[in-house]
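**Student:** Let me begin by handing over the structure; questions about it come next.
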Amino acid sequence: MPQYYMILPVAAVFLAAGCGGDGRSKVHGFVKHQGKPLKAGVISFIEEGAIAPSGGSAIIDGRYEVPAEAGLKPGKYAVAISAPENKSKAAAEQAMPGMSGPPPKETLPAKYNSKTELRAEVKAGAKNEFDFDLQ
Amino acid sequence: MKRNGFTLIELLVVIAIIAVLIGLLVPAVQKVREAANRMSCTNNLKQLGIAMHSYHDANNSALPAMMGPSGCCWGTWTILIMPYIEQEQAYRLYQNWGGNDGFNSNFPAQSTGGFPRYGSAPNTTNVTGRRYKVLTCPSDQVNTPIGAMPNHNYAVCGGTGGTSRSVPTGAPAGFVPQAGMFDGGSLTRKIKLTDVTDGLTNTIMVGEVAQGQGTDLRGFIWWGDASAMSTFATPNTSTPDQIYTPGYCNNLPAKGLPCTGTGGGVYFSRSRHSGGVNAAMGDASVRFISNGISPTAWLNAGGAADGQVGTLN
């Protein structure tokens, strides 16, 4: 009878073959602004030398997470954190979507976003948790 | 003692083997289904690409405008290409394309009173309250965010910034968004194929977008903002789209639909295909572009005449 259990490792091999990524890592962490969790914002990870982000996430109550499926490849990144001014929910939702206003105003200093000094290094297999404490 | 029949163990083993076989078969069947859906999705893009060229040939060598001169709400490129995607009837019934709330364009149809927007009668009943197969990618989950008006899956490329050439959140200082083959930053501009100096093969004309779920407006191409996509971030990026208001953003990062409701109007190319998105280039060829494309190459493929040629592979 023990031979029946041979099926388990075989099945395990088949199951494992279906998984596996393309070297992208989940990146997550916590953002504080003046000691308090940043209520709402956006974090972007920009490869060195590039203009456009390689990935990012919305920041909600300080927390952000870039999921593994759309995660970041190992390397050094510049990190831009923005906290656009939030629009009033009530006013905007009365009507059907209409004219788009100008881009939202930035509430954080430029050294955290458009001229960022923040850096992070994503490593394969590591935990890749980056917390930022903004002033 | 002689027993005829199977023992419990034998039955369990048979069931286990069948389970393993089904386990192998189901993903294979799903893959074939997705492959068929993707092919149909690619074909839709090809149709749209050809429709753009047909429009260009028939209308004084100019591509359809992204939206009318007054912006957001009186019709987008989708209405203009209707006759070229076998929807002549819908086109003929649409009222007030290119008008506004104080001026009726009587185009394409005579107005029956008032200044209808995309979301008012009779446009909703005749045109925008319907789902169009050629604008829907079968791989995606369909959704209707407002009334009977559905989201769709294809948006024109508005270049490297937001729909109205706005600067996306997180862009570095000095970043100037470049217009794509469609220009939301200059709505009266007539763009010709010969204006695409970066090369038609290297510039994106129509891209894929994923339908937002619930009240989410991604893929709501009846409306100006969502009628275009940006190449600022790579296909299926984890960088959130920037939607009109919080109530119209259903942030689902784990399902590949991250967003913020801060406004600005920036929509990235997304799909339900594994590993990338389809895109119709300026010459109406359709390519599958990997999520792993370099951010700079993708950015450059969005700008139509910025002197930066994106090499897509």
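By convention in this document, the chains of the structure tokens carry letters A, B, ... by their order, each chain's residues are numbered from 1, and ligands are numbered from 1 in the order they are shown.
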Find the spatial neighbours of Lys73 of chain A, counting only C-alpha atoms, within a cut-off of 10 Å - ignore same-chain residues fewer than 3 positions away - and output them as a list in words.

**Tutor:** Asp22, Gly23, Arg24, Ser25, Lys26, Glu47, Ser54, Gly55, Ala68, Ala70, Lys76, Tyr77, Glu121, Val122, Lys123 and Ala124 of chain A; Gly292 of chain B

**Student:** Grab the residues selected above and save them as an mmCIF file, in the first residue's frame with N, CA and C atoms.

**Tutor:**
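Printed below is out_17.cif as written:
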data_model
loop_
_atom_site.group_PDB
_atom_site.id
_atom_site.type_symbol
_atom_site.label_atom_id
_atom_site.label_comp_id
_atom_site.auth_asym_id
_atom_site.auth_seq_id
_atom_site.Cartn_x
_atom_site.Cartn_y
_atom_site.Cartn_z
ATOM 1 N N ASP A 22 8.518 36.195 -12.354
ATOM 2 C CA ASP A 22 9.557 36.583 -13.291
ATOM 3 C C ASP A 22 10.525 37.546 -12.614
ATOM 4 N N GLY A 23 10.835 37.256 -11.369
ATOM 5 C CA GLY A 23 11.811 38.049 -10.647
ATOM 6 C C GLY A 23 11.256 39.339 -10.069
ATOM 7 N N ARG A 24 9.926 39.460 -9.991
ATOM 8 C CA ARG A 24 9.323 40.651 -9.406
ATOM 9 C C ARG A 24 9.052 40.407 -7.926
ATOM 10 N N SER A 25 9.273 41.443 -7.125
ATOM 11 C CA SER A 25 9.075 41.295 -5.691
ATOM 12 C C SER A 25 7.958 42.200 -5.209
ATOM 13 N N LYS A 26 7.277 41.694 -4.204
ATOM 14 C CA LYS A 26 6.307 42.524 -3.506
ATOM 15 C C LYS A 26 7.073 43.558 -2.684
ATOM 16 N N GLU A 47 13.160 53.775 -11.579
ATOM 17 C CA GLU A 47 14.478 53.219 -11.823
ATOM 18 C C GLU A 47 15.474 54.350 -12.014
ATOM 19 N N SER A 54 8.509 52.512 -12.441
ATOM 20 C CA SER A 54 8.434 51.084 -12.729
ATOM 21 C C SER A 54 7.298 50.451 -11.957
ATOM 22 N N GLY A 55 6.815 51.154 -10.952
ATOM 23 C CA GLY A 55 5.707 50.618 -10.167
ATOM 24 C C GLY A 55 5.366 51.586 -9.065
ATOM 25 N N ALA A 68 3.014 41.438 -5.678
ATOM 26 C CA ALA A 68 4.105 40.707 -6.333
ATOM 27 C C ALA A 68 3.898 40.556 -7.836
ATOM 28 N N ALA A 70 2.647 42.524 -9.991
ATOM 29 C CA ALA A 70 3.061 43.726 -10.708
ATOM 30 C C ALA A 70 4.181 44.388 -9.913
ATOM 31 N N LYS A 76 18.122 49.525 -7.815
ATOM 32 C CA LYS A 76 18.037 50.755 -7.025
ATOM 33 C C LYS A 76 16.964 51.659 -7.598
ATOM 34 N N TYR A 77 16.175 52.233 -6.748
ATOM 35 C CA TYR A 77 15.067 53.078 -7.184
ATOM 36 C C TYR A 77 15.066 54.409 -6.462
ATOM 37 N N GLU A 121 16.429 50.221 -2.234
ATOM 38 C CA GLU A 121 17.025 49.176 -3.052
ATOM 39 C C GLU A 121 16.234 47.895 -2.874
ATOM 40 N N VAL A 122 15.646 47.419 -3.959
ATOM 41 C CA VAL A 122 14.868 46.189 -3.924
ATOM 42 C C VAL A 122 15.808 45.022 -4.169
ATOM 43 N N LYS A 123 15.746 44.033 -3.271
ATOM 44 C CA LYS A 123 16.623 42.869 -3.409
ATOM 45 C C LYS A 123 15.775 41.624 -3.606
ATOM 46 N N ALA A 124 16.248 40.729 -4.455
ATOM 47 C CA ALA A 124 15.516 39.483 -4.694
ATOM 48 C C ALA A 124 15.520 38.639 -3.427
ATOM 49 N N GLY B 292 6.952 43.709 -18.933
ATOM 50 C CA GLY B 292 8.352 43.928 -18.562
ATOM 51 C C GLY B 292 9.081 44.919 -19.456
#

**Student:** Ala36 of chain B: which residues within 10 Å, counting only C-alpha atoms, same-chain residues fewer than 6 positions away excluded, as a PDB file with C-alpha atoms, in the first residue's frame?

**Tutor:**
ATOM      1  CA  GLN B  30      -8.795  27.762 -19.543  1.00  0.00           C
ATOM      2  CA  THR B  42      -6.441  41.513 -30.898  1.00  0.00           C
ATOM      3  CA  PRO B 138     -13.831  39.160 -24.160  1.00  0.00           C
ATOM      4  CA  SER B 139     -11.036  38.445 -21.646  1.00  0.00           C
TER       5      SER B 139
END

**Student:** If you count only C-alpha atoms, which residues fall within 12 Å of Tyr244 of chain B, apart from same-chain ones fewer than 3 positions away, as a PyMOL selection string?

**Tutor:** (chain A and resi 86-89+92-93+95-104) or (chain B and resi 72+162-163+215-218+220+223-226+241+247-250+259-267)

**Student:** Deliver the residues from the most recent selection as a file, using N, CA and C atoms, as a CSV table (one decimal), in the first residue's frame.

**Tutor:**
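File part_28.csv, as written:
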chain,number,residue,atom,x,y,z
A,86,ASN,N,-6.9,66.4,-1.6
A,86,ASN,CA,-8.1,65.6,-1.9
A,86,ASN,C,-9.3,66.5,-2.2
A,87,LYS,N,-10.1,66.0,-3.2
A,87,LYS,CA,-11.3,66.7,-3.6
A,87,LYS,C,-12.4,66.3,-2.7
A,88,SER,N,-13.4,67.2,-2.5
A,88,SER,CA,-14.5,66.9,-1.7
A,88,SER,C,-15.4,65.9,-2.4
A,89,LYS,N,-15.7,64.8,-1.7
A,89,LYS,CA,-16.5,63.7,-2.2
A,89,LYS,C,-17.9,64.2,-2.6
A,92,ALA,N,-18.5,66.5,-5.7
A,92,ALA,CA,-18.2,66.0,-7.1
A,92,ALA,C,-19.1,64.9,-7.5
A,93,GLU,N,-19.8,64.2,-6.6
A,93,GLU,CA,-20.6,63.1,-7.1
A,93,GLU,C,-22.1,63.4,-7.3
A,95,ALA,N,-23.2,65.1,-10.0
A,95,ALA,CA,-23.5,65.0,-11.4
A,95,ALA,C,-22.7,63.9,-12.0
A,96,MET,N,-23.1,63.6,-13.3
A,96,MET,CA,-22.4,62.7,-14.1
A,96,MET,C,-21.0,63.3,-14.4
A,97,PRO,N,-20.0,62.4,-14.5
A,97,PRO,CA,-18.6,62.9,-14.7
A,97,PRO,C,-18.6,64.0,-15.8
A,98,GLY,N,-18.0,65.1,-15.6
A,98,GLY,CA,-17.9,66.2,-16.5
A,98,GLY,C,-16.5,66.6,-16.8
A,99,MET,N,-16.3,67.9,-16.8
A,99,MET,CA,-15.0,68.5,-17.1
A,99,MET,C,-13.9,68.1,-16.0
A,100,SER,N,-12.8,67.7,-16.5
A,100,SER,CA,-11.7,67.3,-15.5
A,100,SER,C,-11.0,68.6,-15.1
A,101,GLY,N,-10.8,68.8,-13.8
A,101,GLY,CA,-10.2,70.0,-13.3
A,101,GLY,C,-8.7,69.9,-13.6
A,102,PRO,N,-7.9,70.9,-13.2
A,102,PRO,CA,-6.5,70.8,-13.3
A,102,PRO,C,-5.9,69.7,-12.4
A,103,PRO,N,-4.7,69.2,-12.6
A,103,PRO,CA,-4.1,68.2,-11.8
A,103,PRO,C,-4.1,68.6,-10.3
A,104,PRO,N,-4.3,67.7,-9.4
A,104,PRO,CA,-4.4,68.1,-8.0
A,104,PRO,C,-3.1,68.7,-7.5
B,72,CYS,N,-14.9,67.3,-22.4
B,72,CYS,CA,-15.4,66.1,-21.7
B,72,CYS,C,-16.6,65.4,-22.3
B,162,GLY,N,-1.2,62.8,-18.9
B,162,GLY,CA,-2.6,62.5,-18.7
B,162,GLY,C,-3.4,62.8,-20.0
B,163,THR,N,-4.7,62.5,-19.9
B,163,THR,CA,-5.6,62.7,-21.1
B,163,THR,C,-5.5,64.1,-21.7
B,215,THR,N,-18.6,51.4,-9.7
B,215,THR,CA,-18.8,52.8,-10.3
B,215,THR,C,-17.5,53.3,-10.9
B,216,ASP,N,-16.5,52.5,-11.0
B,216,ASP,CA,-15.2,52.9,-11.5
B,216,ASP,C,-15.3,53.2,-13.0
B,217,LEU,N,-14.6,54.4,-13.3
B,217,LEU,CA,-14.8,54.9,-14.7
B,217,LEU,C,-13.7,54.5,-15.7
B,218,ARG,N,-12.9,53.5,-15.3
B,218,ARG,CA,-11.9,53.1,-16.3
B,218,ARG,C,-12.5,52.4,-17.4
B,220,PHE,N,-14.6,54.0,-19.5
B,220,PHE,CA,-15.8,54.7,-19.8
B,220,PHE,C,-15.5,55.7,-20.9
B,223,TRP,N,-16.8,59.3,-22.3
B,223,TRP,CA,-16.5,60.5,-21.6
B,223,TRP,C,-15.0,60.8,-21.9
B,224,GLY,N,-14.8,62.1,-22.1
B,224,GLY,CA,-13.4,62.6,-22.5
B,224,GLY,C,-12.3,62.0,-21.7
B,225,ASP,N,-12.3,62.2,-20.4
B,225,ASP,CA,-11.1,61.8,-19.6
B,225,ASP,C,-10.7,60.3,-19.9
B,226,ALA,N,-11.7,59.4,-19.8
B,226,ALA,CA,-11.3,58.0,-19.9
B,226,ALA,C,-11.2,57.5,-21.3
B,241,ASP,N,-4.0,54.5,-11.4
B,241,ASP,CA,-4.6,55.5,-12.4
B,241,ASP,C,-5.1,56.6,-11.5
B,247,GLY,N,-15.2,58.7,-5.6
B,247,GLY,CA,-16.4,57.8,-5.8
B,247,GLY,C,-16.4,57.1,-7.1
B,248,TYR,N,-15.6,57.5,-8.0
B,248,TYR,CA,-15.5,56.9,-9.3
B,248,TYR,C,-14.2,56.0,-9.4
B,249,CYS,N,-13.5,55.8,-8.3
B,249,CYS,CA,-12.3,55.0,-8.3
B,249,CYS,C,-12.5,53.8,-7.3
B,250,ASN,N,-12.5,52.6,-7.9
B,250,ASN,CA,-12.6,51.4,-7.1
B,250,ASN,C,-11.2,50.8,-7.1
B,259,CYS,N,-6.0,52.5,-8.3
B,259,CYS,CA,-6.3,53.8,-8.7
B,259,CYS,C,-6.4,54.7,-7.5
B,260,THR,N,-6.3,56.1,-7.7
B,260,THR,CA,-6.7,57.0,-6.7
B,260,THR,C,-7.7,58.0,-7.3
B,261,GLY,N,-8.5,58.6,-6.4
B,261,GLY,CA,-9.6,59.4,-6.9
B,261,GLY,C,-9.2,60.9,-6.8
B,262,THR,N,-8.0,61.2,-7.1
B,262,THR,CA,-7.5,62.6,-6.9
B,262,THR,C,-7.7,63.5,-8.1
B,263,GLY,N,-8.2,63.0,-9.2
B,263,GLY,CA,-8.4,63.8,-10.4
B,263,GLY,C,-7.1,63.9,-11.2
B,264,GLY,N,-7.1,64.6,-12.3
B,264,GLY,CA,-5.9,64.7,-13.2
B,264,GLY,C,-6.1,64.0,-14.4
B,265,GLY,N,-6.9,62.9,-14.4
B,265,GLY,CA,-7.2,62.2,-15.6
B,265,GLY,C,-6.0,61.5,-16.2
B,266,VAL,N,-5.5,60.5,-15.5
B,266,VAL,CA,-4.4,59.7,-16.1
B,266,VAL,C,-4.8,58.2,-16.0
B,267,TYR,N,-4.8,57.6,-17.2
B,267,TYR,CA,-5.3,56.2,-17.3
B,267,TYR,C,-4.2,55.4,-18.0

**Student:** Would you work out the distance separating atom CA of Val142 of chain B from atom CA of Gly212 of chain B, expressed in Å to one decimal?

**Tutor:**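 Computing the Euclidean distance for atom CA of Val142 of chain B and atom CA of Gly212 of chain B yields 8.7 Å.
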
**Student:** Excluding Ser40 of chain B and any residue of its chain fewer than 5 positions from it, enumerate the residues within 10 Å of it, using only C-alpha atoms, and give them as an MDAnalysis selection string.

**Tutor:** chainID B and resid 34:35 45:46 134 136:139

**Student:** Take the residues just selected and output them with C-alpha atoms as a JSON list (two decimals), in the first residue's frame.

**Tutor:**
[["chain", "number", "residue", "atom", "x", "y", "z"],
["B", 34, "GLU", "CA", -8.02, 32.78, -22.89],
["B", 35, "ALA", "CA", -5.96, 32.34, -26.05],
["B", 45, "LEU", "CA", -7.89, 46.35, -32.06],
["B", 46, "LYS", "CA", -7.05, 45.61, -35.68],
["B", 134, "VAL", "CA", -15.87, 45.50, -31.23],
["B", 136, "THR", "CA", -15.18, 44.99, -25.73],
["B", 137, "CYS", "CA", -12.35, 42.57, -25.01],
["B", 138, "PRO", "CA", -13.83, 39.16, -24.16],
["B", 139, "SER", "CA", -11.04, 38.45, -21.65]]

**Student:** May I ask you to extract the residues of chain B within 9 Å of chain A, using only C-alpha atoms, and to give them as number ranges by chain?

**Tutor:** B: 9, 13, 16-17, 20, 24, 71-73, 119, 146, 164, 166-175, 217, 223-225, 231-234, 236-240, 244-248, 251, 253-254, 256, 258-265, 291, 294-296, 299

**Student:** Write out as a PDB file with N, CA and C atoms, in the first residue's frame all residues of segment 105-235 of chain B that backbone DSSP assigns to helix (DSSP H, G or I).

**Tutor:**
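And here is the file that came out, part_5.pdb:
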ATOM      1  N   ASN B 123     -29.218  60.447 -26.475  1.00  0.00           N
ATOM      2  CA  ASN B 123     -27.961  59.748 -26.748  1.00  0.00           C
ATOM      3  C   ASN B 123     -27.823  58.446 -25.965  1.00  0.00           C
ATOM      4  N   THR B 124     -28.308  58.458 -24.720  1.00  0.00           N
ATOM      5  CA  THR B 124     -28.195  57.237 -23.919  1.00  0.00           C
ATOM      6  C   THR B 124     -29.025  56.108 -24.526  1.00  0.00           C
ATOM      7  N   THR B 125     -30.225  56.440 -24.957  1.00  0.00           N
ATOM      8  CA  THR B 125     -31.108  55.411 -25.515  1.00  0.00           C
ATOM      9  C   THR B 125     -30.570  54.888 -26.845  1.00  0.00           C
ATOM     10  N   ASN B 126     -30.071  55.800 -27.668  1.00  0.00           N
ATOM     11  CA  ASN B 126     -29.703  55.405 -29.027  1.00  0.00           C
ATOM     12  C   ASN B 126     -28.272  54.900 -29.164  1.00  0.00           C
ATOM     13  N   VAL B 127     -27.367  55.439 -28.376  1.00  0.00           N
ATOM     14  CA  VAL B 127     -25.956  55.139 -28.633  1.00  0.00           C
ATOM     15  C   VAL B 127     -25.189  54.672 -27.396  1.00  0.00           C
ATOM     16  N   THR B 128     -25.102  55.514 -26.397  1.00  0.00           N
ATOM     17  CA  THR B 128     -24.153  55.238 -25.312  1.00  0.00           C
ATOM     18  C   THR B 128     -24.674  54.236 -24.280  1.00  0.00           C
ATOM     19  N   LYS B 133     -19.608  45.212 -29.289  1.00  0.00           N
ATOM     20  CA  LYS B 133     -18.739  44.039 -29.227  1.00  0.00           C
ATOM     21  C   LYS B 133     -17.314  44.383 -29.665  1.00  0.00           C
ATOM     22  N   VAL B 134     -17.202  45.196 -30.697  1.00  0.00           N
ATOM     23  CA  VAL B 134     -15.872  45.500 -31.233  1.00  0.00           C
ATOM     24  C   VAL B 134     -15.072  46.391 -30.265  1.00  0.00           C
ATOM     25  N   LEU B 135     -15.766  46.988 -29.292  1.00  0.00           N
ATOM     26  CA  LEU B 135     -15.075  47.811 -28.288  1.00  0.00           C
ATOM     27  C   LEU B 135     -14.892  47.057 -26.971  1.00  0.00           C
ATOM     28  N   LEU B 193      -1.643  61.595 -40.260  1.00  0.00           N
ATOM     29  CA  LEU B 193      -0.681  60.508 -40.093  1.00  0.00           C
ATOM     30  C   LEU B 193       0.733  60.986 -40.399  1.00  0.00           C
ATOM     31  N   THR B 194       0.844  61.974 -41.283  1.00  0.00           N
ATOM     32  CA  THR B 194       2.179  62.474 -41.624  1.00  0.00           C
ATOM     33  C   THR B 194       2.780  63.316 -40.480  1.00  0.00           C
ATOM     34  N   ASP B 195       1.946  63.678 -39.503  1.00  0.00           N
ATOM     35  CA  ASP B 195       2.469  64.417 -38.346  1.00  0.00           C
ATOM     36  C   ASP B 195       3.201  63.506 -37.365  1.00  0.00           C
ATOM     37  N   LEU B 200       5.080  55.604 -37.809  1.00  0.00           N
ATOM     38  CA  LEU B 200       3.797  54.980 -37.465  1.00  0.00           C
ATOM     39  C   LEU B 200       3.973  53.613 -36.819  1.00  0.00           C
ATOM     40  N   THR B 201       5.033  52.914 -37.206  1.00  0.00           N
ATOM     41  CA  THR B 201       5.254  51.572 -36.645  1.00  0.00           C
ATOM     42  C   THR B 201       5.696  51.648 -35.194  1.00  0.00           C
ATOM     43  N   ASN B 202       6.232  52.800 -34.807  1.00  0.00           N
ATOM     44  CA  ASN B 202       6.808  52.914 -33.465  1.00  0.00           C
ATOM     45  C   ASN B 202       5.927  53.671 -32.491  1.00  0.00           C
ATOM     46  N   ASP B 225     -12.273  62.178 -20.434  1.00  0.00           N
ATOM     47  CA  ASP B 225     -11.137  61.770 -19.606  1.00  0.00           C
ATOM     48  C   ASP B 225     -10.692  60.332 -19.851  1.00  0.00           C
ATOM     49  N   ALA B 226     -11.680  59.415 -19.834  1.00  0.00           N
ATOM     50  CA  ALA B 226     -11.345  57.991 -19.900  1.00  0.00           C
ATOM     51  C   ALA B 226     -11.210  57.490 -21.330  1.00  0.00           C
ATOM     52  N   SER B 227     -11.352  58.390 -22.320  1.00  0.00           N
ATOM     53  CA  SER B 227     -11.312  57.932 -23.709  1.00  0.00           C
ATOM     54  C   SER B 227      -9.880  57.764 -24.215  1.00  0.00           C
TER      55      SER B 227
END

**Student:** Could you give me, as a PyMOL selection string, the residues within 7 Å of Asn100 of chain B, counting only C-alpha atoms and dropping anything in the same chain fewer than 4 positions from it?

**Tutor:** chain B and resi 70+74+104+115

**Student:** Quick one: distance from atom CA of Ser290 of chain B to atom CA of Leu25 of chain B in Å, one decimal?

**Tutor:**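 The value is 26.5 Å.
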
**Student:** Which parts of segment 33-197 of chain B does DSSP call strand (DSSP E or B) when run on the backbone here, written out as a list of chain:residue names?

**Tutor:**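 For segment 33-197 of chain B, the strand (DSSP E or B) set is B:Met67, B:Thr76, B:Gln95, B:Asn100, B:Phe103, B:Ala109, B:Ile146, B:Met149, B:Tyr154, B:Ala155, B:Val156, B:Cys157, B:Gly159, B:Ala179.
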
**Student:** Write a file of the just-selected residues containing C-alpha atoms, as an mmCIF file, in the first residue's frame.

**Tutor:**
data_model
loop_
_atom_site.group_PDB
_atom_site.id
_atom_site.type_symbol
_atom_site.label_atom_id
_atom_site.label_comp_id
_atom_site.auth_asym_id
_atom_site.auth_seq_id
_atom_site.Cartn_x
_atom_site.Cartn_y
_atom_site.Cartn_z
ATOM 1 C CA MET B 67 -13.216 64.659 -28.146
ATOM 2 C CA THR B 76 -15.481 61.322 -28.094
ATOM 3 C CA GLN B 95 -26.793 64.344 -31.212
ATOM 4 C CA ASN B 100 -21.690 72.140 -25.557
ATOM 5 C CA PHE B 103 -24.624 75.442 -28.421
ATOM 6 C CA ALA B 109 -28.146 64.103 -36.020
ATOM 7 C CA ILE B 146 -23.506 54.618 -14.646
ATOM 8 C CA MET B 149 -23.780 53.033 -20.050
ATOM 9 C CA TYR B 154 -10.014 50.345 -25.942
ATOM 10 C CA ALA B 155 -8.706 53.865 -25.549
ATOM 11 C CA VAL B 156 -6.725 56.040 -27.938
ATOM 12 C CA CYS B 157 -3.184 56.987 -26.990
ATOM 13 C CA GLY B 159 0.696 60.560 -25.256
ATOM 14 C CA ALA B 179 1.089 64.568 -27.271
#
